[in-house]
Structure formats: structure tokens, C-alpha cells
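Trainee: Contents of work.cif (mmCIF, N, CA and C atoms):
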data_entry
loop_
_atom_site.label_atom_id
_atom_site.label_comp_id
_atom_site.auth_asym_id
_atom_site.auth_seq_id
_atom_site.Cartn_x
_atom_site.Cartn_y
_atom_site.Cartn_z
N MET A 1 -10.31 4.02 -16.81
CA MET A 1 -9.00 4.21 -16.21
C MET A 1 -9.14 4.46 -14.71
N ILE A 2 -10.10 5.28 -14.31
CA ILE A 2 -10.29 5.57 -12.88
C ILE A 2 -10.62 4.29 -12.13
N GLN A 3 -11.44 3.41 -12.70
CA GLN A 3 -11.81 2.16 -12.02
C GLN A 3 -10.58 1.28 -11.81
N ARG A 4 -9.73 1.17 -12.82
CA ARG A 4 -8.51 0.36 -12.69
C ARG A 4 -7.59 0.93 -11.61
N MET A 5 -7.46 2.25 -11.60
CA MET A 5 -6.63 2.91 -10.59
C MET A 5 -7.20 2.65 -9.20
N LYS A 6 -8.51 2.74 -9.08
CA LYS A 6 -9.16 2.51 -7.78
C LYS A 6 -8.94 1.07 -7.31
N GLU A 7 -9.05 0.11 -8.22
CA GLU A 7 -8.81 -1.29 -7.87
C GLU A 7 -7.37 -1.51 -7.41
N THR A 8 -6.44 -0.84 -8.07
CA THR A 8 -5.03 -0.94 -7.67
C THR A 8 -4.84 -0.41 -6.26
N TRP A 9 -5.46 0.72 -5.96
CA TRP A 9 -5.33 1.30 -4.63
C TRP A 9 -6.04 0.46 -3.57
N GLN A 10 -7.10 -0.23 -3.95
CA GLN A 10 -7.77 -1.13 -3.00
C GLN A 10 -6.84 -2.28 -2.61
N VAL A 11 -6.14 -2.83 -3.58
CA VAL A 11 -5.18 -3.91 -3.30
C VAL A 11 -4.06 -3.38 -2.40
N ALA A 12 -3.51 -2.23 -2.76
CA ALA A 12 -2.45 -1.63 -1.95
C ALA A 12 -2.93 -1.32 -0.54
N GLY A 13 -4.16 -0.86 -0.41
CA GLY A 13 -4.72 -0.57 0.91
C GLY A 13 -4.86 -1.82 1.75
N SER A 14 -5.34 -2.89 1.14
CA SER A 14 -5.48 -4.16 1.87
C SER A 14 -4.12 -4.65 2.36
N GLU A 15 -3.11 -4.51 1.52
CA GLU A 15 -1.75 -4.90 1.92
C GLU A 15 -1.26 -4.04 3.08
N ALA A 16 -1.54 -2.74 3.03
CA ALA A 16 -1.14 -1.84 4.12
C ALA A 16 -1.83 -2.25 5.41
N GLY A 17 -3.12 -2.54 5.35
CA GLY A 17 -3.87 -2.96 6.53
C GLY A 17 -3.28 -4.21 7.16
N ARG A 18 -2.91 -5.19 6.33
CA ARG A 18 -2.29 -6.42 6.85
C ARG A 18 -0.94 -6.11 7.50
N LYS A 19 -0.20 -5.21 6.90
CA LYS A 19 1.11 -4.83 7.46
C LYS A 19 0.94 -4.12 8.81
N TRP A 20 -0.06 -3.25 8.90
CA TRP A 20 -0.30 -2.52 10.15
C TRP A 20 -0.62 -3.46 11.30
N LEU A 21 -1.31 -4.56 11.01
CA LEU A 21 -1.72 -5.48 12.07
C LEU A 21 -0.54 -5.96 12.91
N ALA A 22 0.61 -6.12 12.28
CA ALA A 22 1.80 -6.57 13.00
C ALA A 22 2.30 -5.51 13.98
N SER A 23 1.95 -4.25 13.76
CA SER A 23 2.44 -3.15 14.61
C SER A 23 1.42 -2.67 15.63
N LEU A 24 0.17 -3.06 15.47
CA LEU A 24 -0.89 -2.55 16.35
C LEU A 24 -0.96 -3.36 17.64
N ASP A 25 -1.14 -2.66 18.75
CA ASP A 25 -1.33 -3.29 20.05
C ASP A 25 -2.81 -3.15 20.42
N PRO A 26 -3.58 -4.24 20.31
CA PRO A 26 -5.02 -4.15 20.56
C PRO A 26 -5.39 -3.75 21.99
N SER A 27 -4.43 -3.81 22.91
CA SER A 27 -4.73 -3.41 24.30
C SER A 27 -4.68 -1.89 24.47
N LYS A 28 -4.24 -1.18 23.44
CA LYS A 28 -4.15 0.28 23.48
C LYS A 28 -5.11 0.86 22.44
N PRO A 29 -5.48 2.14 22.57
CA PRO A 29 -6.36 2.76 21.56
C PRO A 29 -5.76 2.62 20.15
N ILE A 30 -6.57 2.14 19.23
CA ILE A 30 -6.11 1.83 17.88
C ILE A 30 -5.91 3.08 17.02
N VAL A 31 -6.82 4.04 17.13
CA VAL A 31 -6.77 5.20 16.23
C VAL A 31 -5.45 5.98 16.33
N PRO A 32 -4.94 6.31 17.53
CA PRO A 32 -3.66 7.02 17.56
C PRO A 32 -2.51 6.20 16.96
N GLN A 33 -2.57 4.89 17.13
CA GLN A 33 -1.54 4.04 16.53
C GLN A 33 -1.62 4.08 15.01
N LEU A 34 -2.85 4.03 14.48
CA LEU A 34 -3.02 4.11 13.03
C LEU A 34 -2.56 5.46 12.48
N ASN A 35 -2.91 6.54 13.18
CA ASN A 35 -2.49 7.87 12.74
C ASN A 35 -0.97 7.92 12.59
N ALA A 36 -0.26 7.38 13.59
CA ALA A 36 1.20 7.39 13.56
C ALA A 36 1.73 6.51 12.42
N LEU A 37 1.15 5.33 12.23
CA LEU A 37 1.60 4.44 11.16
C LEU A 37 1.39 5.07 9.79
N ILE A 38 0.24 5.68 9.58
CA ILE A 38 -0.06 6.30 8.29
C ILE A 38 0.90 7.46 8.01
N ALA A 39 1.14 8.29 9.01
CA ALA A 39 2.08 9.41 8.82
C ALA A 39 3.48 8.89 8.51
N ARG A 40 3.92 7.86 9.23
CA ARG A 40 5.25 7.29 8.97
C ARG A 40 5.36 6.74 7.56
N GLU A 41 4.30 6.08 7.08
CA GLU A 41 4.32 5.55 5.72
C GLU A 41 4.42 6.67 4.69
N ALA A 42 3.69 7.75 4.92
CA ALA A 42 3.74 8.87 3.98
C ALA A 42 5.14 9.47 3.94
N ILE A 43 5.77 9.58 5.09
CA ILE A 43 7.13 10.12 5.17
C ILE A 43 8.12 9.17 4.50
N ALA A 44 7.97 7.86 4.75
CA ALA A 44 8.85 6.87 4.13
C ALA A 44 8.73 6.88 2.61
N ALA A 45 7.57 7.27 2.09
CA ALA A 45 7.35 7.34 0.64
C ALA A 45 7.86 8.65 0.06
N GLY A 46 8.50 9.47 0.90
CA GLY A 46 9.06 10.72 0.42
C GLY A 46 8.18 11.93 0.62
N GLY A 47 7.08 11.76 1.32
CA GLY A 47 6.17 12.86 1.56
C GLY A 47 6.41 13.54 2.88
N ALA A 48 5.59 14.50 3.16
CA ALA A 48 5.62 15.20 4.45
C ALA A 48 4.24 15.03 5.07
N ALA A 49 4.21 14.52 6.29
CA ALA A 49 2.93 14.26 6.95
C ALA A 49 3.13 14.29 8.45
N GLN A 50 2.03 14.46 9.15
CA GLN A 50 2.09 14.39 10.61
C GLN A 50 0.82 13.76 11.14
N ALA A 51 1.01 12.96 12.18
CA ALA A 51 -0.13 12.41 12.90
C ALA A 51 -0.65 13.51 13.81
N THR A 52 -1.95 13.64 13.87
CA THR A 52 -2.56 14.64 14.74
C THR A 52 -3.47 13.91 15.74
N ALA A 53 -4.05 14.65 16.65
CA ALA A 53 -4.98 14.05 17.61
C ALA A 53 -6.21 13.50 16.90
N TRP A 54 -6.57 14.06 15.76
CA TRP A 54 -7.79 13.66 15.06
C TRP A 54 -7.56 12.81 13.84
N GLY A 55 -6.33 12.73 13.35
CA GLY A 55 -6.09 11.96 12.14
C GLY A 55 -4.71 12.18 11.57
N VAL A 56 -4.65 12.35 10.27
CA VAL A 56 -3.39 12.51 9.56
C VAL A 56 -3.50 13.71 8.64
N ASP A 57 -2.45 14.52 8.63
CA ASP A 57 -2.38 15.70 7.78
C ASP A 57 -1.15 15.54 6.89
N GLN A 58 -1.38 15.34 5.59
CA GLN A 58 -0.28 15.17 4.65
C GLN A 58 -0.07 16.49 3.90
N HIS A 59 1.20 16.89 3.82
CA HIS A 59 1.55 18.18 3.24
C HIS A 59 2.06 18.07 1.81
N THR A 60 2.34 16.86 1.36
CA THR A 60 2.75 16.65 -0.02
C THR A 60 1.99 15.45 -0.57
N CYS A 61 1.83 15.42 -1.88
CA CYS A 61 1.08 14.35 -2.52
C CYS A 61 1.76 13.98 -3.83
N THR A 62 2.14 12.73 -3.98
CA THR A 62 2.79 12.31 -5.22
C THR A 62 1.84 12.39 -6.40
N TRP A 63 0.54 12.25 -6.16
CA TRP A 63 -0.42 12.35 -7.26
C TRP A 63 -0.42 13.75 -7.87
N THR A 64 -0.46 14.77 -7.03
CA THR A 64 -0.51 16.13 -7.58
C THR A 64 0.79 16.48 -8.29
N HIS A 65 1.91 15.96 -7.79
CA HIS A 65 3.19 16.21 -8.46
C HIS A 65 3.26 15.51 -9.80
N ALA A 66 2.55 14.40 -9.93
CA ALA A 66 2.55 13.65 -11.19
C ALA A 66 1.55 14.23 -12.19
N GLY A 67 0.82 15.25 -11.79
CA GLY A 67 -0.13 15.89 -12.69
C GLY A 67 -1.46 15.17 -12.81
N THR A 68 -1.75 14.27 -11.87
CA THR A 68 -3.02 13.53 -11.93
C THR A 68 -3.98 14.04 -10.87
N THR A 69 -3.98 15.32 -10.65
CA THR A 69 -4.87 15.93 -9.68
C THR A 69 -6.31 15.50 -9.92
N GLY A 70 -7.00 15.15 -8.87
CA GLY A 70 -8.39 14.73 -8.96
C GLY A 70 -8.51 13.22 -8.81
N ALA A 71 -7.68 12.47 -9.53
CA ALA A 71 -7.68 11.01 -9.40
C ALA A 71 -7.21 10.60 -8.01
N CYS A 72 -6.45 11.48 -7.39
CA CYS A 72 -5.91 11.16 -6.06
C CYS A 72 -7.02 10.98 -5.03
N ILE A 73 -8.09 11.70 -5.15
CA ILE A 73 -9.16 11.64 -4.14
C ILE A 73 -9.77 10.24 -4.10
N GLU A 74 -10.21 9.75 -5.25
CA GLU A 74 -10.79 8.41 -5.29
C GLU A 74 -9.78 7.34 -4.93
N GLY A 75 -8.56 7.49 -5.40
CA GLY A 75 -7.52 6.50 -5.13
C GLY A 75 -7.18 6.42 -3.65
N CYS A 76 -6.96 7.55 -3.03
CA CYS A 76 -6.62 7.56 -1.61
C CYS A 76 -7.80 7.12 -0.75
N ASP A 77 -9.00 7.53 -1.11
CA ASP A 77 -10.18 7.08 -0.36
C ASP A 77 -10.29 5.56 -0.42
N ALA A 78 -10.07 4.97 -1.61
CA ALA A 78 -10.13 3.52 -1.75
C ALA A 78 -9.04 2.85 -0.92
N TRP A 79 -7.85 3.44 -0.90
CA TRP A 79 -6.74 2.91 -0.11
C TRP A 79 -7.09 2.89 1.37
N PHE A 80 -7.57 4.02 1.89
CA PHE A 80 -7.93 4.10 3.31
C PHE A 80 -9.05 3.12 3.65
N GLU A 81 -10.08 3.08 2.84
CA GLU A 81 -11.22 2.19 3.12
C GLU A 81 -10.79 0.73 3.12
N SER A 82 -9.96 0.33 2.16
CA SER A 82 -9.51 -1.06 2.09
C SER A 82 -8.59 -1.42 3.25
N ALA A 83 -7.68 -0.52 3.60
CA ALA A 83 -6.77 -0.77 4.71
C ALA A 83 -7.54 -0.91 6.02
N LEU A 84 -8.48 -0.02 6.24
CA LEU A 84 -9.25 -0.06 7.48
C LEU A 84 -10.19 -1.26 7.53
N ALA A 85 -10.66 -1.72 6.39
CA ALA A 85 -11.51 -2.92 6.37
C ALA A 85 -10.74 -4.13 6.89
N VAL A 86 -9.48 -4.23 6.54
CA VAL A 86 -8.64 -5.33 7.02
C VAL A 86 -8.46 -5.23 8.53
N VAL A 87 -8.14 -4.04 9.02
CA VAL A 87 -7.94 -3.82 10.46
C VAL A 87 -9.24 -4.09 11.21
N ASN A 88 -10.34 -3.56 10.71
CA ASN A 88 -11.62 -3.74 11.39
C ASN A 88 -12.00 -5.22 11.50
N GLU A 89 -11.81 -5.94 10.42
CA GLU A 89 -12.17 -7.36 10.43
C GLU A 89 -11.27 -8.14 11.39
N ALA A 90 -9.98 -7.88 11.35
CA ALA A 90 -9.04 -8.64 12.17
C ALA A 90 -9.20 -8.34 13.66
N LEU A 91 -9.48 -7.08 14.00
CA LEU A 91 -9.53 -6.68 15.41
C LEU A 91 -10.96 -6.56 15.95
N GLY A 92 -11.95 -6.75 15.09
CA GLY A 92 -13.33 -6.64 15.53
C GLY A 92 -13.70 -5.24 15.97
N CYS A 93 -13.13 -4.25 15.28
CA CYS A 93 -13.43 -2.86 15.63
C CYS A 93 -14.12 -2.19 14.44
N ASN A 94 -14.39 -0.91 14.56
CA ASN A 94 -15.09 -0.19 13.50
C ASN A 94 -14.44 1.19 13.34
N ILE A 95 -13.21 1.20 12.83
CA ILE A 95 -12.50 2.45 12.58
C ILE A 95 -13.05 3.04 11.28
N GLN A 96 -13.39 4.31 11.32
CA GLN A 96 -13.94 5.02 10.17
C GLN A 96 -12.96 6.11 9.73
N VAL A 97 -13.08 6.53 8.48
CA VAL A 97 -12.24 7.61 7.95
C VAL A 97 -13.13 8.61 7.23
N GLN A 98 -12.78 9.87 7.39
CA GLN A 98 -13.48 10.95 6.69
C GLN A 98 -12.43 11.84 6.05
N THR A 99 -12.60 12.11 4.76
CA THR A 99 -11.70 13.02 4.06
C THR A 99 -12.17 14.44 4.34
N LEU A 100 -11.30 15.24 4.97
CA LEU A 100 -11.64 16.61 5.32
C LEU A 100 -11.18 17.61 4.26
N ASP A 101 -10.04 17.32 3.64
CA ASP A 101 -9.48 18.24 2.66
C ASP A 101 -8.52 17.45 1.79
N THR A 102 -8.39 17.84 0.52
CA THR A 102 -7.41 17.20 -0.36
C THR A 102 -6.75 18.24 -1.25
N MET A 103 -5.49 18.00 -1.53
CA MET A 103 -4.78 18.85 -2.48
C MET A 103 -5.37 18.70 -3.88
N GLY A 104 -5.89 17.50 -4.15
CA GLY A 104 -6.50 17.24 -5.46
C GLY A 104 -7.72 18.09 -5.73
N ALA A 105 -8.37 18.55 -4.64
CA ALA A 105 -9.54 19.42 -4.78
C ALA A 105 -9.17 20.88 -4.52
N GLY A 106 -7.86 21.16 -4.50
CA GLY A 106 -7.41 22.53 -4.31
C GLY A 106 -7.07 22.89 -2.88
N GLY A 107 -7.12 21.93 -1.96
CA GLY A 107 -6.79 22.20 -0.57
C GLY A 107 -5.29 22.36 -0.36
N VAL A 108 -4.94 22.83 0.81
CA VAL A 108 -3.53 23.03 1.17
C VAL A 108 -2.89 21.71 1.58
N THR A 109 -3.67 20.82 2.19
CA THR A 109 -3.17 19.52 2.62
C THR A 109 -4.18 18.45 2.26
N CYS A 110 -3.78 17.20 2.48
CA CYS A 110 -4.72 16.08 2.46
C CYS A 110 -4.94 15.71 3.91
N ALA A 111 -6.12 15.98 4.40
CA ALA A 111 -6.43 15.75 5.82
C ALA A 111 -7.52 14.71 5.93
N ARG A 112 -7.25 13.70 6.72
CA ARG A 112 -8.23 12.64 6.95
C ARG A 112 -8.39 12.40 8.43
N LYS A 113 -9.63 12.35 8.85
CA LYS A 113 -9.98 12.11 10.26
C LYS A 113 -10.29 10.63 10.42
N LEU A 114 -9.71 10.01 11.47
CA LEU A 114 -10.01 8.64 11.81
C LEU A 114 -10.65 8.60 13.18
N TRP A 115 -11.62 7.71 13.36
CA TRP A 115 -12.25 7.56 14.68
C TRP A 115 -12.79 6.15 14.81
N GLN A 116 -12.97 5.76 16.06
CA GLN A 116 -13.57 4.47 16.40
C GLN A 116 -15.07 4.68 16.54
N ASP A 117 -15.85 4.05 15.68
CA ASP A 117 -17.30 4.16 15.73
C ASP A 117 -17.82 3.07 16.67
N ALA A 118 -18.58 3.49 17.66
CA ALA A 118 -19.10 2.54 18.65
C ALA A 118 -20.20 1.67 18.08
N GLY A 119 -20.82 2.09 17.00
CA GLY A 119 -21.96 1.39 16.44
C GLY A 119 -21.66 0.24 15.56
#
I need this file expressed as C-alpha cells, please.

Mentor:
Amino acid sequence: MIQRMKETWQVAGSEAGRKWLASLDPSKPIVPQLNALIAREAIAAGGAAQATAWGVDQHTCTWTHAGTTGACIEGCDAWFESALAVVNEALGCNIQVQTLDTMGAGGVTCARKLWQDAG
């Protein structure tokens, strides 16, 4: 079941990445634009989130409300990785994501750091 859920989130992530490409301005720093897009998507989905200087801090999670705590970590990680793979390939960049905290693991928020890796 976890594998099927992860595959679903990978597809959704790839679709998100393709959608973001239409909004990204490659002449400006990509990471702050992505942070804002991700926060807006979370809010549009009924959540509470904010873009920060380092990434995205989400204050609500539909997974934890649905009682599937724990599955959210792998699902969201797959979503972020797939979305960023699309952006990285299209723009020739290397945006990375690190999960700092998750509600699924008992954290207060879901916090993810994004950065441009020079390597």
C-alpha cells in the first residue's frame, strides 16, 4: 500500500513541477519563487502554510487529519522530489529539498528546506 501511495504522489509531484514551470522566471532566483508557489498550493488545498527565507513551513496536513500519520512523510517526500526533478531538468538547475520536521513524526509543522546546489 505504501508503494502505491508513493507512486501516486510521484505522479502528482511531476504534474506540480510542470505547472510551476509556467510561473517561474529563470532570470530570478528560483528557490524563493518555489517557496512561494508551494505555500500558495498548500493554502489553496485548504491548509495553512507560509513561505520562509529557507523553505516552506506548513501548519496543517490533510494526511494527519485523515488518520494516516506516518504515510505522509514518504508521500510528501516523493511529491517534492518528483516536482523538483521536473524543474531541475527543464531549467538545468539543481534544487534540493530536505525535510526538517513533519507532523507525521510528531512535529508541530511540516518544514522543508529548499536550496540551489551548485554541484

Trainee: Under the PyMOL selection byres ((chain A and resi 115) around 8), which residues of this model are included? Write them out as a PyMOL selection string.

Mentor: chain A and resi 30-32+54-55+94-98+112-114+116-118

Trainee: Run DSSP on the backbone and give me the residues of chain A it puts in strand (DSSP E or B), as a list of chain:residue names.

Mentor: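 Strand (DSSP E or B) members of chain A, listed: A:Ala49, A:Gln50, A:Ala51, A:Gly55, A:Val56, A:Asp57, A:Gln58, A:Ile95, A:Gln96, A:Val97, A:Gln98, A:Thr99, A:Leu100, A:Asp101, A:Cys110, A:Ala111, A:Arg112, A:Lys113, A:Leu114, A:Trp115, A:Gln116.
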
Trainee: What is the distance, in Å and to one decimal place, between atom CA of A:Lys19 and atom N of A:Gly106?

Mentor: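 Straight-line distance from atom CA of A:Lys19 to atom N of A:Gly106 works out to 30.0 Å.
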
Trainee: Just the number, please: distance in Å from atom CA of A:Gly107 to atom CA of A:Ala36, one decimal.

Mentor: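 So the answer is 22.0 Å.
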
Trainee: Written as a list in words, what is the full residue list that the PyMOL selection byres (((chain A and resi 110 and name CA) around 8) and name CA) yields on the file shown?

Mentor: Asp57, Gln58, His59, Thr60, Cys61, Thr99, Leu100, Asp101, Thr102, Met103, Gly107, Val108, Thr109, Ala111 and Arg112 of chain A

Trainee: For those residues, write N, CA and C atoms to a file as a PDB file, in the frame of the given file.

Mentor:
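So the final result, stored in result04.pdb, reads:
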ATOM      1  N   ASP A  57      -2.450  14.520   8.630  1.00  0.00           N
ATOM      2  CA  ASP A  57      -2.380  15.700   7.780  1.00  0.00           C
ATOM      3  C   ASP A  57      -1.150  15.540   6.890  1.00  0.00           C
ATOM      4  N   GLN A  58      -1.380  15.340   5.590  1.00  0.00           N
ATOM      5  CA  GLN A  58      -0.280  15.170   4.650  1.00  0.00           C
ATOM      6  C   GLN A  58      -0.070  16.490   3.900  1.00  0.00           C
ATOM      7  N   HIS A  59       1.200  16.890   3.820  1.00  0.00           N
ATOM      8  CA  HIS A  59       1.550  18.180   3.240  1.00  0.00           C
ATOM      9  C   HIS A  59       2.060  18.070   1.810  1.00  0.00           C
ATOM     10  N   THR A  60       2.340  16.860   1.360  1.00  0.00           N
ATOM     11  CA  THR A  60       2.750  16.650  -0.020  1.00  0.00           C
ATOM     12  C   THR A  60       1.990  15.450  -0.570  1.00  0.00           C
ATOM     13  N   CYS A  61       1.830  15.420  -1.880  1.00  0.00           N
ATOM     14  CA  CYS A  61       1.080  14.350  -2.520  1.00  0.00           C
ATOM     15  C   CYS A  61       1.760  13.980  -3.830  1.00  0.00           C
ATOM     16  N   THR A  99     -12.600  12.110   4.760  1.00  0.00           N
ATOM     17  CA  THR A  99     -11.700  13.020   4.060  1.00  0.00           C
ATOM     18  C   THR A  99     -12.170  14.440   4.340  1.00  0.00           C
ATOM     19  N   LEU A 100     -11.300  15.240   4.970  1.00  0.00           N
ATOM     20  CA  LEU A 100     -11.640  16.610   5.320  1.00  0.00           C
ATOM     21  C   LEU A 100     -11.180  17.610   4.260  1.00  0.00           C
ATOM     22  N   ASP A 101     -10.040  17.320   3.640  1.00  0.00           N
ATOM     23  CA  ASP A 101      -9.480  18.240   2.660  1.00  0.00           C
ATOM     24  C   ASP A 101      -8.520  17.450   1.790  1.00  0.00           C
ATOM     25  N   THR A 102      -8.390  17.840   0.520  1.00  0.00           N
ATOM     26  CA  THR A 102      -7.410  17.200  -0.360  1.00  0.00           C
ATOM     27  C   THR A 102      -6.750  18.240  -1.250  1.00  0.00           C
ATOM     28  N   MET A 103      -5.490  18.000  -1.530  1.00  0.00           N
ATOM     29  CA  MET A 103      -4.780  18.850  -2.480  1.00  0.00           C
ATOM     30  C   MET A 103      -5.370  18.700  -3.880  1.00  0.00           C
ATOM     31  N   GLY A 107      -7.120  21.930  -1.960  1.00  0.00           N
ATOM     32  CA  GLY A 107      -6.790  22.200  -0.570  1.00  0.00           C
ATOM     33  C   GLY A 107      -5.290  22.360  -0.360  1.00  0.00           C
ATOM     34  N   VAL A 108      -4.940  22.830   0.810  1.00  0.00           N
ATOM     35  CA  VAL A 108      -3.530  23.030   1.170  1.00  0.00           C
ATOM     36  C   VAL A 108      -2.890  21.710   1.580  1.00  0.00           C
ATOM     37  N   THR A 109      -3.670  20.820   2.190  1.00  0.00           N
ATOM     38  CA  THR A 109      -3.170  19.520   2.620  1.00  0.00           C
ATOM     39  C   THR A 109      -4.180  18.450   2.260  1.00  0.00           C
ATOM     40  N   ALA A 111      -6.120  15.980   4.400  1.00  0.00           N
ATOM     41  CA  ALA A 111      -6.430  15.750   5.820  1.00  0.00           C
ATOM     42  C   ALA A 111      -7.520  14.710   5.930  1.00  0.00           C
ATOM     43  N   ARG A 112      -7.250  13.700   6.720  1.00  0.00           N
ATOM     44  CA  ARG A 112      -8.230  12.640   6.950  1.00  0.00           C
ATOM     45  C   ARG A 112      -8.390  12.400   8.430  1.00  0.00           C
TER      46      ARG A 112
END

Trainee: Kindly resolve the PyMOL selection byres (((chain A and resi 18 and name CA) around 12) and name CA) on the present coordinates and return the residues as a short mmCIF file (atom, residue, chain, number, x, y, z; two decimals) with N, CA and C atoms, in the coordinates of the input.

Mentor:
data_model
loop_
_atom_site.label_atom_id
_atom_site.label_comp_id
_atom_site.auth_asym_id
_atom_site.auth_seq_id
_atom_site.Cartn_x
_atom_site.Cartn_y
_atom_site.Cartn_z
N VAL A 11 -6.14 -2.83 -3.58
CA VAL A 11 -5.18 -3.91 -3.30
C VAL A 11 -4.06 -3.38 -2.40
N ALA A 12 -3.51 -2.23 -2.76
CA ALA A 12 -2.45 -1.63 -1.95
C ALA A 12 -2.93 -1.32 -0.54
N GLY A 13 -4.16 -0.86 -0.41
CA GLY A 13 -4.72 -0.57 0.91
C GLY A 13 -4.86 -1.82 1.75
N SER A 14 -5.34 -2.89 1.14
CA SER A 14 -5.48 -4.16 1.87
C SER A 14 -4.12 -4.65 2.36
N GLU A 15 -3.11 -4.51 1.52
CA GLU A 15 -1.75 -4.90 1.92
C GLU A 15 -1.26 -4.04 3.08
N ALA A 16 -1.54 -2.74 3.03
CA ALA A 16 -1.14 -1.84 4.12
C ALA A 16 -1.83 -2.25 5.41
N GLY A 17 -3.12 -2.54 5.35
CA GLY A 17 -3.87 -2.96 6.53
C GLY A 17 -3.28 -4.21 7.16
N LYS A 19 -0.20 -5.21 6.90
CA LYS A 19 1.11 -4.83 7.46
C LYS A 19 0.94 -4.12 8.81
N TRP A 20 -0.06 -3.25 8.90
CA TRP A 20 -0.30 -2.52 10.15
C TRP A 20 -0.62 -3.46 11.30
N LEU A 21 -1.31 -4.56 11.01
CA LEU A 21 -1.72 -5.48 12.07
C LEU A 21 -0.54 -5.96 12.91
N ALA A 22 0.61 -6.12 12.28
CA ALA A 22 1.80 -6.57 13.00
C ALA A 22 2.30 -5.51 13.98
N SER A 23 1.95 -4.25 13.76
CA SER A 23 2.44 -3.15 14.61
C SER A 23 1.42 -2.67 15.63
N LEU A 24 0.17 -3.06 15.47
CA LEU A 24 -0.89 -2.55 16.35
C LEU A 24 -0.96 -3.36 17.64
N SER A 82 -9.96 0.33 2.16
CA SER A 82 -9.51 -1.06 2.09
C SER A 82 -8.59 -1.42 3.25
N ALA A 83 -7.68 -0.52 3.60
CA ALA A 83 -6.77 -0.77 4.71
C ALA A 83 -7.54 -0.91 6.02
N LEU A 84 -8.48 -0.02 6.24
CA LEU A 84 -9.25 -0.06 7.48
C LEU A 84 -10.19 -1.26 7.53
N ALA A 85 -10.66 -1.72 6.39
CA ALA A 85 -11.51 -2.92 6.37
C ALA A 85 -10.74 -4.13 6.89
N VAL A 86 -9.48 -4.23 6.54
CA VAL A 86 -8.64 -5.33 7.02
C VAL A 86 -8.46 -5.23 8.53
N VAL A 87 -8.14 -4.04 9.02
CA VAL A 87 -7.94 -3.82 10.46
C VAL A 87 -9.24 -4.09 11.21
N ASN A 88 -10.34 -3.56 10.71
CA ASN A 88 -11.62 -3.74 11.39
C ASN A 88 -12.00 -5.22 11.50
N GLU A 89 -11.81 -5.94 10.42
CA GLU A 89 -12.17 -7.36 10.43
C GLU A 89 -11.27 -8.14 11.39
N ALA A 90 -9.98 -7.88 11.35
CA ALA A 90 -9.04 -8.64 12.17
C ALA A 90 -9.20 -8.34 13.66
N LEU A 91 -9.48 -7.08 14.00
CA LEU A 91 -9.53 -6.68 15.41
C LEU A 91 -10.96 -6.56 15.95
#

Trainee: What is the atom CA of A:Ser27 to atom CA of A:Ala51 distance in Å?

Mentor: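 Going from atom CA of A:Ser27 over to atom CA of A:Ala51, I get 20.0 Å.
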
Trainee: Got a sec: who's within 8 Å of A:Ile38, counting all atoms listed in the file, leaving out chain neighbours fewer than 2 positions off, as JSON, numbers by chain?

Mentor: {"A": [32, 33, 34, 35, 36, 40, 41, 42, 43, 44, 49, 50, 51, 56, 57]}
